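A.B. asks: Here you go, this is input20.pdb (PDB, C-alpha atoms).
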ATOM      1  CA  ALA A   1     -17.259 -20.166 -27.830
ATOM      2  CA  GLU A   2     -15.722 -18.533 -24.783
ATOM      3  CA  GLU A   3     -17.272 -16.529 -21.978
ATOM      4  CA  ASN A   4     -15.702 -14.058 -19.562
ATOM      5  CA  ILE A   5     -17.155 -14.505 -16.073
ATOM      6  CA  LEU A   6     -16.522 -13.028 -12.638
ATOM      7  CA  ILE A   7     -15.885 -15.254  -9.603
ATOM      8  CA  GLU A   8     -16.564 -13.497  -6.290
ATOM      9  CA  GLY A   9     -16.409 -14.806  -2.744
ATOM     10  CA  VAL A  10     -14.880 -14.524   0.707
ATOM     11  CA  VAL A  11     -12.088 -16.419   2.476
ATOM     12  CA  THR A  12     -12.249 -16.552   6.284
ATOM     13  CA  ASP A  13      -9.826 -17.836   8.916
ATOM     14  CA  ASN A  14      -9.111 -17.312  12.617
ATOM     15  CA  GLY A  15      -5.698 -15.909  11.617
ATOM     16  CA  ASP A  16      -4.280 -14.170   8.538
ATOM     17  CA  ILE A  17      -4.537 -15.646   5.032
ATOM     18  CA  SER A  18      -1.041 -15.746   3.505
ATOM     19  CA  LEU A  19      -1.949 -17.215   0.094
ATOM     20  CA  PHE A  20      -5.081 -17.596  -2.018
ATOM     21  CA  GLN A  21      -5.091 -19.040  -5.523
ATOM     22  CA  ILE A  22      -7.558 -19.984  -8.240
ATOM     23  CA  ASN A  23      -6.177 -22.663 -10.552
ATOM     24  CA  GLY A  24      -2.643 -21.910  -9.363
ATOM     25  CA  LYS A  25      -2.847 -18.149  -9.954
ATOM     26  CA  ASP A  26      -2.455 -15.761  -7.013
ATOM     27  CA  VAL A  27      -5.634 -13.797  -6.308
ATOM     28  CA  PRO A  28      -5.510 -10.736  -3.997
ATOM     29  CA  LEU A  29      -7.852 -10.529  -1.025
ATOM     30  CA  MET A  30      -9.400  -7.371   0.364
ATOM     31  CA  ALA A  31      -8.979  -6.643   4.074
ATOM     32  CA  ASP A  32     -12.293  -8.356   4.868
ATOM     33  CA  GLY A  33     -11.300 -11.503   2.934
ATOM     34  CA  THR A  34     -13.442 -10.827  -0.139
ATOM     35  CA  PHE A  35     -12.093 -11.463  -3.623
ATOM     36  CA  SER A  36     -13.096 -10.782  -7.222
ATOM     37  CA  HIS A  37     -11.446 -12.633 -10.119
ATOM     38  CA  ARG A  38     -12.336 -12.832 -13.817
ATOM     39  CA  VAL A  39     -11.801 -16.040 -15.813
ATOM     40  CA  THR A  40     -12.419 -17.034 -19.413
ATOM     41  CA  VAL A  41     -14.235 -20.349 -19.871
ATOM     42  CA  ALA A  42     -15.273 -22.351 -22.902
ATOM     43  CA  LYS A  43     -18.920 -23.244 -23.404
ATOM     44  CA  GLY A  44     -19.831 -26.232 -21.252
ATOM     45  CA  ASN A  45     -18.456 -27.423 -17.915
ATOM     46  CA  LYS A  46     -15.294 -26.166 -16.219
ATOM     47  CA  HIS A  47     -13.706 -26.907 -12.842
ATOM     48  CA  TYR A  48     -11.743 -24.352 -10.817
ATOM     49  CA  ARG A  49      -9.509 -25.205  -7.861
ATOM     50  CA  LEU A  50      -9.611 -22.678  -5.003
ATOM     51  CA  TYR A  51      -6.673 -23.019  -2.630
ATOM     52  CA  ALA A  52      -5.889 -21.047   0.565
ATOM     53  CA  VAL A  53      -3.068 -21.110   3.137
ATOM     54  CA  ASP A  54      -3.079 -19.267   6.473
ATOM     55  CA  SER A  55      -0.201 -17.778   8.494
ATOM     56  CA  GLU A  56       0.285 -21.068  10.380
ATOM     57  CA  ASN A  57       0.627 -22.974   7.091
ATOM     58  CA  ASN A  58      -2.776 -24.653   7.372
ATOM     59  CA  SER A  59      -4.298 -25.160   3.932
ATOM     60  CA  THR A  60      -7.665 -25.935   2.396
ATOM     61  CA  LYS A  61      -9.022 -26.348  -1.100
ATOM     62  CA  LYS A  62     -12.395 -26.254  -2.817
ATOM     63  CA  ILE A  63     -13.416 -27.328  -6.305
ATOM     64  CA  LEU A  64     -15.768 -24.906  -8.027
ATOM     65  CA  LYS A  65     -17.768 -26.300 -10.939
ATOM     66  CA  ILE A  66     -19.071 -23.860 -13.538
ATOM     67  CA  SER A  67     -21.571 -25.232 -16.010
ATOM     68  CA  GLY A  68     -24.215 -24.172 -18.465
ATOM     69  CA  ILE A  69     -22.443 -21.127 -19.895
ATOM     70  CA  THR A  70     -24.722 -19.728 -22.568
ATOM     71  CA  LYS A  71     -24.146 -17.151 -25.234
ATOM     72  CA  LYS A  72     -25.338 -13.655 -24.474
ATOM     73  CA  LYS A  73     -25.003 -10.194 -25.912
ATOM     74  CA  PRO A  74     -21.655  -8.563 -25.074
ATOM     75  CA  TYR A  75     -21.661  -5.849 -22.443
ATOM     76  CA  ARG A  76     -21.193  -2.329 -23.784
ATOM     77  CA  GLU A  77     -20.537   0.628 -21.574
ATOM     78  CA  LYS A  78     -23.206   3.285 -21.632
ATOM     79  CA  PRO A  79     -22.247   6.917 -22.202
ATOM     80  CA  GLN A  80     -20.619   8.158 -19.034
ATOM     81  CA  TYR A  81     -21.699  11.798 -18.901
ATOM     82  CA  ASP A  82     -23.451  14.233 -21.177
ATOM     83  CA  SER A  83     -20.687  16.839 -20.953
ATOM     84  CA  ALA A  84     -17.427  17.619 -19.200
ATOM     85  CA  SER A  85     -19.247  19.976 -16.861
ATOM     86  CA  SER A  86     -21.358  17.105 -15.482
ATOM     87  CA  ARG A  87     -18.314  15.031 -14.542
ATOM     88  CA  PRO A  88     -16.911  15.320 -11.014
ATOM     89  CA  SER A  89     -13.679  17.115 -10.239
ATOM     90  CA  LEU A  90     -10.816  15.591  -8.273
ATOM     91  CA  TRP A  91      -9.295  17.604  -5.429
ATOM     92  CA  VAL A  92      -5.835  16.326  -4.495
ATOM     93  CA  LEU A  93      -3.653  17.226  -1.519
ATOM     94  CA  THR A  94      -0.268  15.476  -1.486
ATOM     95  CA  ILE A  95       2.150  15.826   1.421
ATOM     96  CA  GLY A  96       5.704  14.473   1.548
ATOM     97  CA  VAL A  97       8.497  15.149   4.030
ATOM     98  CA  SER A  98      12.038  13.956   3.331
ATOM     99  CA  LYS A  99      13.872  16.863   4.970
ATOM    100  CA  TYR A 100      13.107  17.505   8.648
ATOM    101  CA  SER A 101      14.226  20.313  10.926
ATOM    102  CA  ASN A 102      15.886  17.476  12.854
ATOM    103  CA  PRO A 103      18.226  16.028  10.165
ATOM    104  CA  ASN A 104      18.432  12.708  12.000
ATOM    105  CA  LEU A 105      14.889  12.048  10.780
ATOM    106  CA  ASN A 106      15.580  12.723   7.094
ATOM    107  CA  LEU A 107      14.234  10.340   4.453
ATOM    108  CA  LYS A 108      15.215  10.033   0.784
ATOM    109  CA  TYR A 109      12.075   9.695  -1.272
ATOM    110  CA  ALA A 110       8.947  10.893   0.566
ATOM    111  CA  ASP A 111       8.960  14.291  -1.179
ATOM    112  CA  HIS A 112       9.402  12.581  -4.557
ATOM    113  CA  ASP A 113       6.470  10.305  -3.711
ATOM    114  CA  ALA A 114       4.182  13.287  -3.111
ATOM    115  CA  LEU A 115       5.263  15.087  -6.284
ATOM    116  CA  SER A 116       4.834  11.913  -8.369
ATOM    117  CA  MET A 117       1.334  11.293  -7.015
ATOM    118  CA  GLU A 118       0.337  14.827  -7.957
ATOM    119  CA  LYS A 119       1.825  14.370 -11.430
ATOM    120  CA  ILE A 120       0.104  11.074 -12.231
ATOM    121  CA  PHE A 121      -3.356  12.291 -11.233
ATOM    122  CA  LYS A 122      -2.947  15.361 -13.421
ATOM    123  CA  LYS A 123      -1.928  13.058 -16.274
ATOM    124  CA  LEU A 124      -4.766  10.558 -15.808
ATOM    125  CA  ARG A 125      -7.644  12.993 -15.319
ATOM    126  CA  LYS A 126      -9.182  12.667 -18.794
ATOM    127  CA  GLY A 127     -12.292  10.500 -19.012
ATOM    128  CA  ILE A 128     -13.206  10.313 -15.328
ATOM    129  CA  PHE A 129     -12.798  13.845 -13.999
ATOM    130  CA  SER A 130     -13.579  17.172 -15.607
ATOM    131  CA  GLU A 131     -10.725  18.856 -13.736
ATOM    132  CA  VAL A 132      -7.999  17.934 -11.260
ATOM    133  CA  PHE A 133      -7.108  20.567  -8.669
ATOM    134  CA  THR A 134      -3.874  19.829  -6.810
ATOM    135  CA  ARG A 135      -1.964  21.243  -3.882
ATOM    136  CA  THR A 136       1.385  19.756  -2.842
ATOM    137  CA  LEU A 137       3.333  20.447   0.348
ATOM    138  CA  VAL A 138       6.859  19.046   0.583
ATOM    139  CA  ASN A 139       9.626  19.391   3.152
ATOM    140  CA  GLU A 140       9.711  22.916   4.677
ATOM    141  CA  GLN A 141       6.228  23.669   3.303
ATOM    142  CA  ALA A 142       4.713  20.718   5.183
ATOM    143  CA  THR A 143       4.222  22.204   8.651
ATOM    144  CA  ARG A 144       1.280  21.275  10.847
ATOM    145  CA  GLY A 145      -0.341  24.655  10.268
ATOM    146  CA  ASN A 146       0.101  24.578   6.484
ATOM    147  CA  ILE A 147      -1.299  21.049   6.235
ATOM    148  CA  LEU A 148      -4.419  21.876   8.236
ATOM    149  CA  GLN A 149      -4.894  25.104   6.293
ATOM    150  CA  ALA A 150      -4.630  23.269   2.941
ATOM    151  CA  MET A 151      -7.228  20.745   4.088
ATOM    152  CA  SER A 152      -9.570  23.595   4.913
ATOM    153  CA  THR A 153      -8.983  26.102   2.104
ATOM    154  CA  HIS A 154      -8.051  23.794  -0.807
ATOM    155  CA  LEU A 155     -10.097  20.650  -0.178
ATOM    156  CA  GLY A 156     -12.916  22.747   1.248
ATOM    157  CA  LYS A 157     -13.687  23.999  -2.270
ATOM    158  CA  ALA A 158     -14.843  20.558  -3.452
ATOM    159  CA  ALA A 159     -18.474  20.275  -4.580
ATOM    160  CA  PRO A 160     -20.815  17.468  -3.403
ATOM    161  CA  GLN A 161     -20.279  15.332  -6.538
ATOM    162  CA  ASP A 162     -16.475  15.704  -6.406
ATOM    163  CA  VAL A 163     -13.789  13.346  -5.103
ATOM    164  CA  VAL A 164     -11.169  14.324  -2.507
ATOM    165  CA  LEU A 165      -7.808  12.534  -2.282
ATOM    166  CA  ILE A 166      -5.242  13.044   0.493
ATOM    167  CA  PHE A 167      -1.787  11.454   0.163
ATOM    168  CA  VAL A 168       0.752  11.577   2.995
ATOM    169  CA  ALA A 169       4.367  10.331   2.916
ATOM    170  CA  GLY A 170       6.906  10.671   5.712
ATOM    171  CA  HIS A 171       7.460   9.507   9.274
ATOM    172  CA  GLY A 172       4.610   8.106  11.316
ATOM    173  CA  ILE A 173       5.051   7.552  15.040
ATOM    174  CA  LYS A 174       3.009   6.229  17.944
ATOM    175  CA  HIS A 175       2.993   8.187  21.192
ATOM    176  CA  THR A 176       4.743   6.036  23.812
ATOM    177  CA  GLN A 177       2.175   6.815  26.520
ATOM    178  CA  THR A 178      -1.134   7.179  24.683
ATOM    179  CA  GLY A 179      -0.477   4.882  21.722
ATOM    180  CA  SER A 180      -1.976   7.524  19.414
ATOM    181  CA  TYR A 181      -0.750   7.738  15.822
ATOM    182  CA  TYR A 182       0.983  10.935  14.678
ATOM    183  CA  PHE A 183       2.338  12.087  11.337
ATOM    184  CA  LEU A 184       5.557  14.100  11.666
ATOM    185  CA  PRO A 185       5.444  17.371   9.699
ATOM    186  CA  HIS A 186       8.706  19.101   8.820
ATOM    187  CA  ASN A 187       9.206  20.807  12.183
ATOM    188  CA  ALA A 188       8.107  17.915  14.440
ATOM    189  CA  ASP A 189      10.019  15.203  16.281
ATOM    190  CA  SER A 190       9.441  12.964  19.297
ATOM    191  CA  ARG A 191      10.248  15.818  21.711
ATOM    192  CA  ASN A 192       7.558  18.242  20.491
ATOM    193  CA  LEU A 193       5.070  15.659  19.245
ATOM    194  CA  LEU A 194       2.092  17.043  21.175
ATOM    195  CA  PHE A 195       2.589  20.564  19.786
ATOM    196  CA  GLU A 196       3.896  20.075  16.240
ATOM    197  CA  GLY A 197       2.820  16.515  15.385
ATOM    198  CA  LEU A 198      -0.310  15.927  13.333
ATOM    199  CA  LYS A 199      -2.496  13.525  15.286
ATOM    200  CA  TRP A 200      -4.831  11.102  13.548
ATOM    201  CA  SER A 201      -7.765  12.888  15.179
ATOM    202  CA  ASP A 202      -6.689  16.012  13.243
ATOM    203  CA  PHE A 203      -7.042  14.080   9.971
ATOM    204  CA  GLU A 204     -10.289  12.557  11.198
ATOM    205  CA  GLU A 205     -11.769  15.937  12.124
ATOM    206  CA  ALA A 206     -10.738  17.439   8.779
ATOM    207  CA  ILE A 207     -12.287  14.495   6.914
ATOM    208  CA  LYS A 208     -15.527  14.857   8.893
ATOM    209  CA  ILE A 209     -15.737  18.509   7.882
ATOM    210  CA  ILE A 210     -14.956  17.696   4.223
ATOM    211  CA  SER A 211     -17.469  14.827   4.239
ATOM    212  CA  LYS A 212     -20.297  17.219   5.083
ATOM    213  CA  ASN A 213     -19.990  18.520   1.512
ATOM    214  CA  VAL A 214     -18.250  15.626  -0.297
ATOM    215  CA  SER A 215     -19.268  11.968  -0.117
ATOM    216  CA  LYS A 216     -16.097  10.434  -1.618
ATOM    217  CA  VAL A 217     -12.794  10.802   0.285
ATOM    218  CA  ILE A 218      -9.634   8.780  -0.450
ATOM    219  CA  LEU A 219      -6.868   8.708   2.175
ATOM    220  CA  ILE A 220      -3.480   7.158   1.280
ATOM    221  CA  LEU A 221      -0.783   6.948   3.974
ATOM    222  CA  ASP A 222       2.822   5.970   3.188
ATOM    223  CA  THR A 223       4.184   6.079   6.730
ATOM    224  CA  CYS A 224       5.277   3.650   9.425
ATOM    225  CA  HIS A 225       2.535   2.598  11.882
ATOM    226  CA  SER A 226      -0.189   3.748   9.481
ATOM    227  CA  GLY A 227      -1.885   0.355   9.747
ATOM    228  CA  ALA A 228      -2.426   0.953  13.454
ATOM    229  CA  ILE A 229      -5.202   3.421  12.650
ATOM    230  CA  ASN A 230      -8.575   1.977  13.544
ATOM    231  CA  ILE A 231     -11.557   3.079  11.489
ATOM    232  CA  ALA A 232     -15.070   1.660  11.674
ATOM    233  CA  MET A 233     -16.150   0.491   8.218
ATOM    234  CA  ARG A 234     -19.120  -1.056   6.485
ATOM    235  CA  GLY A 235     -19.375  -3.435   3.527
ATOM    236  CA  VAL A 236     -18.600  -3.060  -0.172
ATOM    237  CA  ARG A 237     -20.918  -3.039  -3.158
ATOM    238  CA  SER A 238     -19.765  -3.095  -6.770
ATOM    239  CA  GLY A 239     -21.370  -2.341 -10.120
ATOM    240  CA  GLU A 240     -20.690  -2.447 -13.859
ATOM    241  CA  ASP A 241     -21.531   0.910 -15.389
ATOM    242  CA  LEU A 242     -18.848   3.552 -14.896
ATOM    243  CA  GLY A 243     -21.196   6.517 -14.980
ATOM    244  CA  ALA A 244     -23.508   4.917 -12.440
ATOM    245  CA  LEU A 245     -20.572   3.962 -10.231
ATOM    246  CA  MET A 246     -19.243   7.505 -10.143
ATOM    247  CA  LYS A 247     -22.641   9.000  -9.347
ATOM    248  CA  GLU A 248     -23.627   6.395  -6.748
ATOM    249  CA  ALA A 249     -20.279   5.871  -5.017
ATOM    250  CA  THR A 250     -20.039   7.159  -1.475
ATOM    251  CA  GLY A 251     -17.610   6.484   1.309
ATOM    252  CA  LEU A 252     -14.183   6.719   2.833
ATOM    253  CA  TYR A 253     -11.397   4.784   1.118
ATOM    254  CA  VAL A 254      -8.255   4.199   3.206
ATOM    255  CA  LEU A 255      -5.021   2.580   2.019
ATOM    256  CA  SER A 256      -1.994   2.548   4.297
ATOM    257  CA  ALA A 257       1.556   1.393   3.655
ATOM    258  CA  SER A 258       1.958  -1.211   6.391
ATOM    259  CA  LYS A 259       0.313  -3.001   9.251
ATOM    260  CA  GLY A 260       1.036  -1.772  12.780
ATOM    261  CA  GLY A 261       4.658  -2.310  13.790
ATOM    262  CA  GLU A 262       5.993  -2.858  10.255
ATOM    263  CA  PRO A 263       8.476  -0.554   8.481
ATOM    264  CA  SER A 264       7.597   1.425   5.382
ATOM    265  CA  VAL A 265      10.386   0.493   2.954
ATOM    266  CA  GLU A 266      11.933   2.922   0.456
ATOM    267  CA  GLY A 267      14.771   2.521  -2.030
ATOM    268  CA  ASN A 268      16.322   3.714  -5.278
ATOM    269  CA  ARG A 269      15.409   0.379  -6.898
ATOM    270  CA  PHE A 270      11.731   1.349  -6.775
ATOM    271  CA  ARG A 271      11.864   3.511  -9.887
ATOM    272  CA  LEU A 272       9.439   3.837 -12.771
ATOM    273  CA  PRO A 273      10.715   3.892 -16.388
ATOM    274  CA  GLY A 274      12.406   7.207 -17.135
ATOM    275  CA  GLU A 275      12.887   8.161 -13.483
ATOM    276  CA  ASN A 276      16.285   8.773 -11.896
ATOM    277  CA  LYS A 277      15.040   8.687  -8.318
ATOM    278  CA  GLY A 278      13.338   5.987  -6.270
ATOM    279  CA  HIS A 279      10.174   5.786  -4.187
ATOM    280  CA  GLY A 280       8.750   4.131  -1.156
ATOM    281  CA  ALA A 281       7.769   0.571  -2.113
ATOM    282  CA  PHE A 282       4.140   1.356  -1.335
ATOM    283  CA  THR A 283       3.933   4.517  -3.462
ATOM    284  CA  TYR A 284       5.862   2.791  -6.252
ATOM    285  CA  SER A 285       3.212   0.058  -6.324
ATOM    286  CA  ILE A 286       0.389   2.617  -6.382
ATOM    287  CA  LEU A 287       1.980   4.456  -9.308
ATOM    288  CA  LYS A 288       2.379   1.185 -11.233
ATOM    289  CA  GLY A 289      -1.206   0.257 -10.472
ATOM    290  CA  LEU A 290      -2.551   3.625 -11.626
ATOM    291  CA  SER A 291      -0.582   3.252 -14.868
ATOM    292  CA  GLY A 292      -2.631   0.166 -15.746
ATOM    293  CA  GLU A 293      -1.085  -2.849 -14.026
ATOM    294  CA  ALA A 294      -3.892  -2.978 -11.453
ATOM    295  CA  ASN A 295      -6.587  -3.263 -14.127
ATOM    296  CA  TYR A 296      -7.079  -6.992 -13.545
ATOM    297  CA  ASP A 297     -10.175  -7.451 -15.691
ATOM    298  CA  LYS A 298      -8.671  -5.412 -18.566
ATOM    299  CA  ASN A 299     -11.765  -3.292 -19.034
ATOM    300  CA  SER A 300     -11.745   0.436 -19.727
ATOM    301  CA  TYR A 301     -11.497   1.702 -16.167
ATOM    302  CA  LEU A 302      -9.669   1.119 -12.881
ATOM    303  CA  THR A 303     -11.449   1.202  -9.535
ATOM    304  CA  ILE A 304     -10.186   1.875  -6.029
ATOM    305  CA  GLY A 305     -10.923  -1.756  -5.153
ATOM    306  CA  GLU A 306      -8.726  -3.034  -7.993
ATOM    307  CA  LEU A 307      -5.929  -0.643  -7.021
ATOM    308  CA  PHE A 308      -6.064  -1.701  -3.368
ATOM    309  CA  SER A 309      -6.018  -5.399  -4.354
ATOM    310  CA  PHE A 310      -3.000  -4.901  -6.628
ATOM    311  CA  VAL A 311      -1.021  -3.007  -3.995
ATOM    312  CA  SER A 312      -1.818  -5.610  -1.312
ATOM    313  CA  VAL A 313      -0.119  -8.289  -3.445
ATOM    314  CA  GLN A 314       2.658  -6.197  -5.007
ATOM    315  CA  VAL A 315       4.155  -4.636  -1.857
ATOM    316  CA  PRO A 316       4.858  -7.879   0.083
ATOM    317  CA  ARG A 317       6.507  -9.302  -3.039
ATOM    318  CA  ILE A 318       8.894  -6.433  -3.710
ATOM    319  CA  THR A 319       9.765  -5.968  -0.008
ATOM    320  CA  ARG A 320      10.280  -9.720   0.518
ATOM    321  CA  GLY A 321       7.570  -9.896   3.121
ATOM    322  CA  GLN A 322       8.764  -6.925   5.221
ATOM    323  CA  GLN A 323       5.693  -4.819   4.501
ATOM    324  CA  HIS A 324       1.981  -5.610   4.154
ATOM    325  CA  PRO A 325      -0.419  -2.796   3.218
ATOM    326  CA  TYR A 326      -3.685  -2.304   5.051
ATOM    327  CA  SER A 327      -6.867  -1.179   3.332
ATOM    328  CA  LYS A 328     -10.487  -0.472   4.151
ATOM    329  CA  ILE A 329     -13.375   0.626   1.964
ATOM    330  CA  ASP A 330     -16.371   2.199   3.647
ATOM    331  CA  GLY A 331     -18.958   2.452   0.895
ATOM    332  CA  THR A 332     -19.214   1.551  -2.777
ATOM    333  CA  ASP A 333     -16.310   0.915  -5.145
ATOM    334  CA  LEU A 334     -15.097   3.972  -7.048
ATOM    335  CA  PRO A 335     -13.631   4.328 -10.585
ATOM    336  CA  ILE A 336     -10.593   6.617 -10.622
ATOM    337  CA  VAL A 337      -8.840   6.051 -13.983
ATOM    338  CA  LYS A 338     -10.246   5.535 -17.493
ATOM    339  CA  PHE A 339      -8.103   3.832 -20.129
ATOM    340  CA  LYS A 340      -8.296   4.022 -23.904
ATOM    341  CA  LYS A 341      -9.563   0.805 -25.495
TER
END
Would you give me this structure, written as structure tokens?
C.D. replies:
Amino acid sequence: AEENILIEGVVTDNGDISLFQINGKDVPLMADGTFSHRVTVAKGNKHYRLYAVDSENNSTKKILKISGITKKKPYREKPQYDSASSRPSLWVLTIGVSKYSNPNLNLKYADHDALSMEKIFKKLRKGIFSEVFTRTLVNEQATRGNILQAMSTHLGKAAPQDVVLIFVAGHGIKHTQTGSYYFLPHNADSRNLLFEGLKWSDFEEAIKIISKNVSKVILILDTCHSGAINIAMRGVRSGEDLGALMKEATGLYVLSASKGGEPSVEGNRFRLPGENKGHGAFTYSILKGLSGEANYDKNSYLTIGELFSFVSVQVPRITRGQQHPYSKIDGTDLPIVKFKK
């Protein structure tokens, strides 16, 4: 007889952890060092080797002994919701700027990233959300004024039980004097940053206003310097039942493309099957994760925590260590995709 069990824990170090494995298999760590990994064990005793390496190549290992596995009734998901009307809606705002008023700033794939994120959430809405309401601003549409207006008028329609998702792709820049993080809308550059740039405090203020009505906000940033944003966070709690998770989940979920000072890599090689245009490495990894690759435990739904863990491992691999995503979860884990069994 075999049993599927979940190993959870935390890895701590004075520096950064560069590698963590269980029985030779890479296991992703959350930003706070926590991990969650499912294994299948036969009835009886089993030993697992936990191995970690930090950024200075110091290593440590621990042997975990699992014993006394007993047979139990298999877990079955409870009905999620009584009707479609009782399920939450998803309100999506995607922003991508490839073409700037200053052509020296032009990118290749940020607009495609935003359009693809909108498309995949429309496609994956069944099972979790009753409806998906999207608004996308790309290139000339993505001015500072239009972005702030969309946050207010579009996302402001979300009901308390709904989920809000904001995706931003383009140039991020730090002010040379203040060190503040700015996103560059279409008509902004380093010369008019104070007037046309979108400061992090603008996002923060908009999120505060949204959060008065909505308790679940997801912010995804595919820009340079996005990891430099500092947000105070609390711990994470997880659960099993999808319906309960959706109803109980609260918090701010932030995933950014790179740590402070790192580039945000893009390229034509980062293409999904059937596409003829590439993506940023970060967005490419998110799209793959949402399509099912991030569903580590192979159950019927994907959570934000699983997606963040997948992206944190995938991006450094495909960028050859140039880029390391940064993530924080303030609140409980949140299901976002339901798969057919």
A.B. asks: Using all atoms listed in the file, which residues sit within 9 Å of stretch 16-30 of chain A once same-chain residues fewer than 3 positions away are excluded, as a compact mmCIF listing (two decimals) with C-alpha atoms, in the coordinates of the input?
C.D. replies:
# COMPACT_ATOMS: atom_id res chain seq x y z
CA VAL A 10 -14.88 -14.52 0.71
CA VAL A 11 -12.09 -16.42 2.48
CA THR A 12 -12.25 -16.55 6.28
CA ASP A 13 -9.83 -17.84 8.92
CA GLY A 33 -11.30 -11.50 2.93
CA THR A 34 -13.44 -10.83 -0.14
CA PHE A 35 -12.09 -11.46 -3.62
CA SER A 36 -13.10 -10.78 -7.22
CA HIS A 37 -11.45 -12.63 -10.12
CA HIS A 47 -13.71 -26.91 -12.84
CA TYR A 48 -11.74 -24.35 -10.82
CA ARG A 49 -9.51 -25.20 -7.86
CA LEU A 50 -9.61 -22.68 -5.00
CA TYR A 51 -6.67 -23.02 -2.63
CA ALA A 52 -5.89 -21.05 0.56
CA VAL A 53 -3.07 -21.11 3.14
CA ASP A 54 -3.08 -19.27 6.47
CA SER A 55 -0.20 -17.78 8.49
CA GLU A 56 0.28 -21.07 10.38
CA ASN A 57 0.63 -22.97 7.09
CA GLY A 305 -10.92 -1.76 -5.15
CA PHE A 308 -6.06 -1.70 -3.37
CA SER A 309 -6.02 -5.40 -4.35
CA PHE A 310 -3.00 -4.90 -6.63
CA VAL A 311 -1.02 -3.01 -4.00
CA SER A 312 -1.82 -5.61 -1.31
CA VAL A 313 -0.12 -8.29 -3.44
CA TYR A 326 -3.68 -2.30 5.05
CA SER A 327 -6.87 -1.18 3.33
CA LYS A 328 -10.49 -0.47 4.15
A.B. asks: On this file, the PyMOL selection byres ((chain A and resi 138) around 7) gives some set of residues; write that set as a PyMOL selection string.
C.D. replies: chain A and resi 95-97+111+136-137+139-142
A.B. asks: With C-alpha atoms kept, could you save the residues just selected as an mmCIF file, in the frame of the given file?
C.D. replies:
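New file result-v2.cif:
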data_model
loop_
_atom_site.group_PDB
_atom_site.id
_atom_site.type_symbol
_atom_site.label_atom_id
_atom_site.label_comp_id
_atom_site.auth_asym_id
_atom_site.auth_seq_id
_atom_site.Cartn_x
_atom_site.Cartn_y
_atom_site.Cartn_z
ATOM 1 C CA ILE A 95 2.150 15.826 1.421
ATOM 2 C CA GLY A 96 5.704 14.473 1.548
ATOM 3 C CA VAL A 97 8.497 15.149 4.030
ATOM 4 C CA ASP A 111 8.960 14.291 -1.179
ATOM 5 C CA THR A 136 1.385 19.756 -2.842
ATOM 6 C CA LEU A 137 3.333 20.447 0.348
ATOM 7 C CA ASN A 139 9.626 19.391 3.152
ATOM 8 C CA GLU A 140 9.711 22.916 4.677
ATOM 9 C CA GLN A 141 6.228 23.669 3.303
ATOM 10 C CA ALA A 142 4.713 20.718 5.183
#
A.B. asks: Any chance you could resolve the PyMOL selection byres ((chain A and resi 123) around 12) against this file and give the residues as a ChimeraX atom specification?
C.D. replies: /A:116-122,124-129,131-134,287,290-291,337-339
A.B. asks: Please write as a ChimeraX atom specification the full residue list that the PyMOL selection byres ((chain A and resi 178-188) around 8) yields on this file.
C.D. replies: /A:97,99-102,139-144,170-177,189-193,196-200,223,225-226,228-229
A.B. asks: Next, the residues of the selection above should be written as a JSON list (two decimals), keeping the file's coordinate frame with C-alpha atoms.
C.D. replies:
[["chain", "number", "residue", "atom", "x", "y", "z"],
["A", 97, "VAL", "CA", 8.50, 15.15, 4.03],
["A", 99, "LYS", "CA", 13.87, 16.86, 4.97],
["A", 100, "TYR", "CA", 13.11, 17.50, 8.65],
["A", 101, "SER", "CA", 14.23, 20.31, 10.93],
["A", 102, "ASN", "CA", 15.89, 17.48, 12.85],
["A", 139, "ASN", "CA", 9.63, 19.39, 3.15],
["A", 140, "GLU", "CA", 9.71, 22.92, 4.68],
["A", 141, "GLN", "CA", 6.23, 23.67, 3.30],
["A", 142, "ALA", "CA", 4.71, 20.72, 5.18],
["A", 143, "THR", "CA", 4.22, 22.20, 8.65],
["A", 144, "ARG", "CA", 1.28, 21.28, 10.85],
["A", 170, "GLY", "CA", 6.91, 10.67, 5.71],
["A", 171, "HIS", "CA", 7.46, 9.51, 9.27],
["A", 172, "GLY", "CA", 4.61, 8.11, 11.32],
["A", 173, "ILE", "CA", 5.05, 7.55, 15.04],
["A", 174, "LYS", "CA", 3.01, 6.23, 17.94],
["A", 175, "HIS", "CA", 2.99, 8.19, 21.19],
["A", 176, "THR", "CA", 4.74, 6.04, 23.81],
["A", 177, "GLN", "CA", 2.17, 6.82, 26.52],
["A", 189, "ASP", "CA", 10.02, 15.20, 16.28],
["A", 190, "SER", "CA", 9.44, 12.96, 19.30],
["A", 191, "ARG", "CA", 10.25, 15.82, 21.71],
["A", 192, "ASN", "CA", 7.56, 18.24, 20.49],
["A", 193, "LEU", "CA", 5.07, 15.66, 19.24],
["A", 196, "GLU", "CA", 3.90, 20.08, 16.24],
["A", 197, "GLY", "CA", 2.82, 16.52, 15.38],
["A", 198, "LEU", "CA", -0.31, 15.93, 13.33],
["A", 199, "LYS", "CA", -2.50, 13.52, 15.29],
["A", 200, "TRP", "CA", -4.83, 11.10, 13.55],
["A", 223, "THR", "CA", 4.18, 6.08, 6.73],
["A", 225, "HIS", "CA", 2.54, 2.60, 11.88],
["A", 226, "SER", "CA", -0.19, 3.75, 9.48],
["A", 228, "ALA", "CA", -2.43, 0.95, 13.45],
["A", 229, "ILE", "CA", -5.20, 3.42, 12.65]]
A.B. asks: Taking into account all atoms listed in the file, which residue in the set A:Ala31, A:Val254, A:Val217, A:Leu272 is nearest to A:Leu93?
C.D. replies: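 Between A:Ala31, A:Val254, A:Val217, A:Leu272, the residue approaching A:Leu93 most closely is A:Val217.
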